[in-house]
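Visitor: Below is a structure I'd like to ask you about.
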Amino acid sequence: MKTIKLSLDSHEFWNKPTAENVKLLSNCISRSVKEFKPVLSELKGLALKVGRDGCTFCPATFNGKRSKDTFEQQQLFALDFDNKSPDQSITVQEVLSRARYYELPVLFIYDTFSSVKHNKFRVVFWANTSISHRKIVE
């Protein structure tokens with residue numbers, strides 16, 4: 001059974017990290033590679049660490065410092081839905097419906113720190129294979 005590799009920090013945040021924290025996290029997250037088996041219990045644990053506990057993650061892994069030049073692989077893809085404009089907003093249910101239509105496997109969804117009444121959320125998709133070509137990931 002293959003594992004899912006990602007960069008995942010263990011520090012829990014209850015509010016959006018400050019600019020100073022973001023810089024520190026960006027510098028150290030590439031050294032925080034974690035692996036999860038694609039089984040319900042482990043994937044649920046990942047979703048809870050990120051969505052409930054506020055642990056910062058980067059869906060990619062790196063050979064050294066976090067940068068395009070040291071990109072190693074990526075298997076998860078996260079899209080933010082900020083719904084800044086009322087006439088161009090989308091609900092979680094609409095995203096899930098479109099994902100099903102296009103056969104895109106949603107791993108989990110969670111509210112971002114600045115969300116009010118579930119208006120800002122992040123959707124994490126799962127590719128069943130690791131992609132090691134940076135241009136394909138981009």
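Labeling convention for the structure tokens: chains A, B, ... as they appear, residues from 1 per chain, ligands from 1 in order of appearance.
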What's the 12 Å shell around Asn27 in chain A, counting only C-alpha atoms, without same-chain residues fewer than 3 positions away, as a list in words?
Guide: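 So the residues in contact are Ser7, Asp9, Glu20, Asn21, Val22, Lys23, Leu24, Ser30, Arg31, Ser32, Cys58, Phe62, Gly64, Lys65, Arg66 and Ser67 of chain A.
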Visitor: As an exercise, work out the distance from CA of Gly45 in chain A to CA of Val116 in chain A in Å and give it to one decimal place.
Guide: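 If I compute the distance from CA of Gly45 in chain A to CA of Val116 in chain A, I get 24.4 Å.
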Visitor: Excluding Gly54 in chain A and any residue of its chain fewer than 2 positions from it, enumerate the residues within 6 Å of it, using only C-alpha atoms, and give them as a list in words.
Guide: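 The filter keeps Glu12, Phe13, Val50, Gly51 and Arg52 of chain A.
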Visitor: Write out as a PyMOL selection string each polymer residue whose atoms come within 12 Å of Asp69 in chain A, counting only C-alpha atoms; drop sequence neighbours fewer than 6 positions from it.
Guide: chain A and resi 61-63+133-135
Visitor: Using only C-alpha atoms, which of A:Val39, A:Cys55, A:Lys117, A:Phe125 sits nearest Leu96 in chain A?
Guide: A:Phe125
